[in-house]
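Q: Dumping the structure here so I can ask a few things about it.
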Amino acid sequence: MAEKKDAKLLSRSMKDLKNKTLLATNQNAGLMPPGDKRTLDSITKYRTGIPNGKDDPEKDVMDIKPGFWVGWQNITGMPKTLEPYEWLIDVQRIQNGSKKIEVTDMATGATWKKIVVTGDTSNLIYPRDWQRVYSETTLWEGDLILTEGAKLTLIDKIKHFDSLIFEYRNHSNYGSTRVHVADNSIDGVPDEFSFGSMNVADTFTDDMIFVEFDEVHMKQDGNNVLDVSQLSHITVNFHNGVTTVDNKSQVILSEIIGVR
């Protein structure tokens with residue numbers, strides 16, 4: 001009897017641990033705080049759940065009728081994502097009987113769209129495959145001449161974004177650069193990265209023709225802080241052939257935009 005009791009206790013403990021480690025979703029609250037659970041319920045209450053049990057067959061997303069749905073792992077034909085667990089699925093009827101499908105991965109908030117085309121498509125512009133829908137958020141803005149050791153505090157956590165866009169100027173030259181992990185299987189911002197800018201000055205005098213190169217090195221410091229870890233400033237004077245190197249950057253940062 002004691003062995004059976006211990007086995008039941010162990011089974012319940014393992015089941016409880018599994019529930020707590022699963023992603024918190026409409027089907028499994030896990031460790032979700034009550035406030036978050038109420039928010040999730042408000043998002044899904046007017047949607048129809050697509051059956052997802054051991055006796056329910058897989059369903060192709062292309063066959064789902066127009067409407068607002070919640071789907072789980074038994075939905076096939078979905079875009080590839082790192083956490084494909086629970087989906088919000090919006091299906092609309094559009095031109096010539098075609099369907100527009102928009103899906104949002106509840107674990108990451110990432111959204112994709114595509115068109116299932118029927119009939120004449122001569123006047124229809126559509127993505128044939130899943131197309132990622134991106135949104136942008138201004139995380140920092142100002143007018144800062146970058147210096148080594150400077151810290152930039154963003155209004156949101158860096159891990160919430162797939163990439164960062166830096167808007168800057170170098171004298172009268174304006175530039176923009178986008179930073180992200182260069183790997184199709186991984187989204188996100190690298191722990192350390194760098195970007196460069198160039199300024200060309202020609203005042204039509206013999207001693208003022210030069211090119212400046214600036215390279216800015218940054219690293220993540222906690223959840224929402226970027227450190228300027230190193231600056232390289234190279235000036236090449238084409239008149240006298242003199243090159244100088246220092247850390248006196250000419251890059252003035254105006255905005256950091258998060259993309260997700």
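Residues in the structure tokens are numbered from 1 in each chain, the chains being A, B, ... in the order shown, and ligands are numbered from 1 in the order shown.
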Return as a tab-separated table the residues of stretch 203-233 of chain A lying at most 12 Å from stretch 158-161 of chain A, together with the closest atom-to-atom pair for each and the distance in Å to one decimal, counting only C-alpha atoms, with rows in chain order and ascending residue number.

A:
residue	atom	partner	partner_atom	distance
A:Lys219	CA	A:Ile158	CA	11.2
A:Gln220	CA	A:Ile158	CA	8.3
A:Asp221	CA	A:Ile158	CA	9.9
A:Gly222	CA	A:Ile158	CA	8.9
A:Asn223	CA	A:Ile158	CA	6.0
A:Asn224	CA	A:Ile158	CA	5.4
A:Val225	CA	A:Ile158	CA	8.0
A:Leu226	CA	A:Ile158	CA	9.1

Q: Go ahead and write the residues just picked, all heavy atoms, as a compact mmCIF listing (two decimals), in the first residue's frame.

A:
# COMPACT_ATOMS: atom_id res chain seq x y z
N LYS A 219 27.45 46.61 -26.17
CA LYS A 219 27.10 45.32 -25.58
C LYS A 219 25.90 45.50 -24.65
O LYS A 219 25.67 46.59 -24.11
CB LYS A 219 28.28 44.73 -24.81
CG LYS A 219 28.76 45.56 -23.63
CD LYS A 219 29.94 44.88 -22.95
CE LYS A 219 30.44 45.69 -21.75
NZ LYS A 219 31.60 45.03 -21.10
N GLN A 220 25.14 44.42 -24.52
CA GLN A 220 23.99 44.46 -23.63
C GLN A 220 24.45 44.44 -22.17
O GLN A 220 25.36 43.72 -21.80
CB GLN A 220 23.07 43.27 -23.90
CG GLN A 220 22.43 43.28 -25.26
CD GLN A 220 21.38 42.20 -25.41
OE1 GLN A 220 20.71 41.82 -24.45
NE2 GLN A 220 21.22 41.69 -26.63
N ASP A 221 23.78 45.25 -21.36
CA ASP A 221 24.08 45.33 -19.93
C ASP A 221 22.75 45.20 -19.18
O ASP A 221 22.06 46.18 -18.93
CB ASP A 221 24.76 46.66 -19.60
CG ASP A 221 25.11 46.79 -18.12
OD1 ASP A 221 24.93 45.81 -17.39
OD2 ASP A 221 25.54 47.88 -17.72
N GLY A 222 22.38 43.97 -18.85
CA GLY A 222 21.09 43.76 -18.22
C GLY A 222 19.98 43.66 -19.24
O GLY A 222 20.19 43.42 -20.43
N ASN A 223 18.75 43.87 -18.78
CA ASN A 223 17.57 43.66 -19.63
C ASN A 223 17.34 44.76 -20.65
O ASN A 223 16.86 44.50 -21.76
CB ASN A 223 16.32 43.53 -18.76
CG ASN A 223 16.31 42.25 -17.95
OD1 ASN A 223 16.78 41.22 -18.41
ND2 ASN A 223 15.78 42.31 -16.75
N ASN A 224 17.66 46.01 -20.29
CA ASN A 224 17.26 47.11 -21.17
C ASN A 224 18.31 48.21 -21.27
O ASN A 224 17.98 49.37 -21.52
CB ASN A 224 15.94 47.72 -20.68
CG ASN A 224 16.09 48.39 -19.32
OD1 ASN A 224 16.88 47.96 -18.48
ND2 ASN A 224 15.35 49.46 -19.10
N VAL A 225 19.59 47.87 -21.07
CA VAL A 225 20.66 48.86 -21.12
C VAL A 225 21.70 48.43 -22.16
O VAL A 225 22.10 47.26 -22.22
CB VAL A 225 21.34 49.04 -19.75
CG1 VAL A 225 22.51 50.04 -19.85
CG2 VAL A 225 20.32 49.55 -18.73
N LEU A 226 22.16 49.39 -22.96
CA LEU A 226 23.25 49.18 -23.91
C LEU A 226 24.44 50.02 -23.47
O LEU A 226 24.30 51.21 -23.18
CB LEU A 226 22.84 49.58 -25.32
CG LEU A 226 21.78 48.72 -26.01
CD1 LEU A 226 21.38 49.34 -27.34
CD2 LEU A 226 22.30 47.31 -26.23

Q: Can you pull out the residues contacting A:Lys99? Cut-off 8 Å, using only C-alpha atoms, and skip same-chain residues under 6 positions away; I want them as a list in words.

A: Pro66, Val91, Gln92, Arg93, Ile115, Val116 and Val117 of chain A

Q: For the selection just defined, write its residues with all heavy atoms to a file, as a compact mmCIF listing (two decimals), in the first residue's frame.

A:
# COMPACT_ATOMS: atom_id res chain seq x y z
N PRO A 66 -13.59 31.28 -42.71
CA PRO A 66 -13.48 32.65 -42.20
C PRO A 66 -14.02 32.78 -40.78
O PRO A 66 -15.06 32.20 -40.43
CB PRO A 66 -14.32 33.46 -43.20
CG PRO A 66 -14.21 32.67 -44.47
CD PRO A 66 -14.22 31.23 -44.05
N VAL A 91 -9.17 34.59 -40.15
CA VAL A 91 -9.40 34.23 -41.55
C VAL A 91 -10.48 35.16 -42.11
O VAL A 91 -11.57 35.26 -41.54
CB VAL A 91 -9.83 32.76 -41.69
CG1 VAL A 91 -10.00 32.40 -43.17
CG2 VAL A 91 -8.82 31.83 -41.03
N GLN A 92 -10.17 35.83 -43.22
CA GLN A 92 -11.11 36.76 -43.84
C GLN A 92 -11.31 36.39 -45.31
O GLN A 92 -10.36 35.99 -45.99
CB GLN A 92 -10.59 38.20 -43.77
CG GLN A 92 -10.29 38.70 -42.38
CD GLN A 92 -9.67 40.07 -42.41
OE1 GLN A 92 -10.10 40.95 -43.15
NE2 GLN A 92 -8.64 40.29 -41.60
N ARG A 93 -12.53 36.57 -45.79
CA ARG A 93 -12.82 36.38 -47.21
C ARG A 93 -12.56 37.69 -47.93
O ARG A 93 -13.02 38.75 -47.51
CB ARG A 93 -14.28 35.98 -47.39
CG ARG A 93 -14.65 35.61 -48.81
CD ARG A 93 -14.06 34.28 -49.22
NE ARG A 93 -14.63 33.17 -48.48
CZ ARG A 93 -14.21 31.93 -48.58
NH1 ARG A 93 -13.19 31.64 -49.38
NH2 ARG A 93 -14.78 30.97 -47.87
N ILE A 115 -2.12 34.80 -48.33
CA ILE A 115 -3.39 34.75 -49.04
C ILE A 115 -3.55 33.36 -49.67
O ILE A 115 -2.63 32.87 -50.33
CB ILE A 115 -3.47 35.82 -50.14
CG1 ILE A 115 -3.26 37.22 -49.56
CG2 ILE A 115 -4.81 35.75 -50.86
CD1 ILE A 115 -4.29 37.68 -48.58
N VAL A 116 -4.70 32.75 -49.46
CA VAL A 116 -5.07 31.52 -50.16
C VAL A 116 -5.89 31.95 -51.37
O VAL A 116 -7.02 32.44 -51.23
CB VAL A 116 -5.87 30.57 -49.25
CG1 VAL A 116 -6.23 29.30 -50.02
CG2 VAL A 116 -5.07 30.24 -48.01
N VAL A 117 -5.32 31.80 -52.56
CA VAL A 117 -5.90 32.40 -53.77
C VAL A 117 -6.80 31.42 -54.50
O VAL A 117 -6.45 30.25 -54.68
CB VAL A 117 -4.77 32.88 -54.71
CG1 VAL A 117 -5.36 33.49 -55.97
CG2 VAL A 117 -3.89 33.89 -54.00

Q: Determine which residues of stretch 198-257 of chain A DSSP labels as strand (DSSP E or B) from the backbone of this structure, then write them out as a ChimeraX atom specification.

A: /A:198-202,209-220,225-237,243-246,251-257

Q: For a test of reading the model, state the distance in Å between atom CA of A:Val200 and atom CA of A:Thr243, rounded to one decimal.

A: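 Separation between atom CA of A:Val200 and atom CA of A:Thr243: 14.1 Å.
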
Q: Pick the closest to A:Leu253 from A:Met106, A:Ile94, A:Met198, A:Leu144: which is it, counting only C-alpha atoms?

A: A:Leu144

Q: So which residues of stretch 40-256 of chain A fall under helix (DSSP H, G or I) by DSSP, listed as number ranges by chain?

A: A: 40-44, 61-63, 95-97, 158-160

Q: Could you work out how far atom CA of A:Leu146 lies from atom CA of A:His233, giving the answer in Å with one decimal?

A: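 Separation of atom CA of A:His233 and atom CA of A:Leu146: 11.4 Å.
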
Q: Using only C-alpha atoms, which of A:Ser197, A:Arg47, A:Trp130, A:Asp56 sits nearest A:Gly77?

A: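 That would be A:Trp130, the residue with the smallest distance to A:Gly77.
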
Q: Can you tell me how far atom CA of A:Lys54 sits from atom CA of A:Gln73, in Å to one decimal?

A: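 Value for the atom CA of A:Lys54-atom CA of A:Gln73 distance: 11.4 Å.
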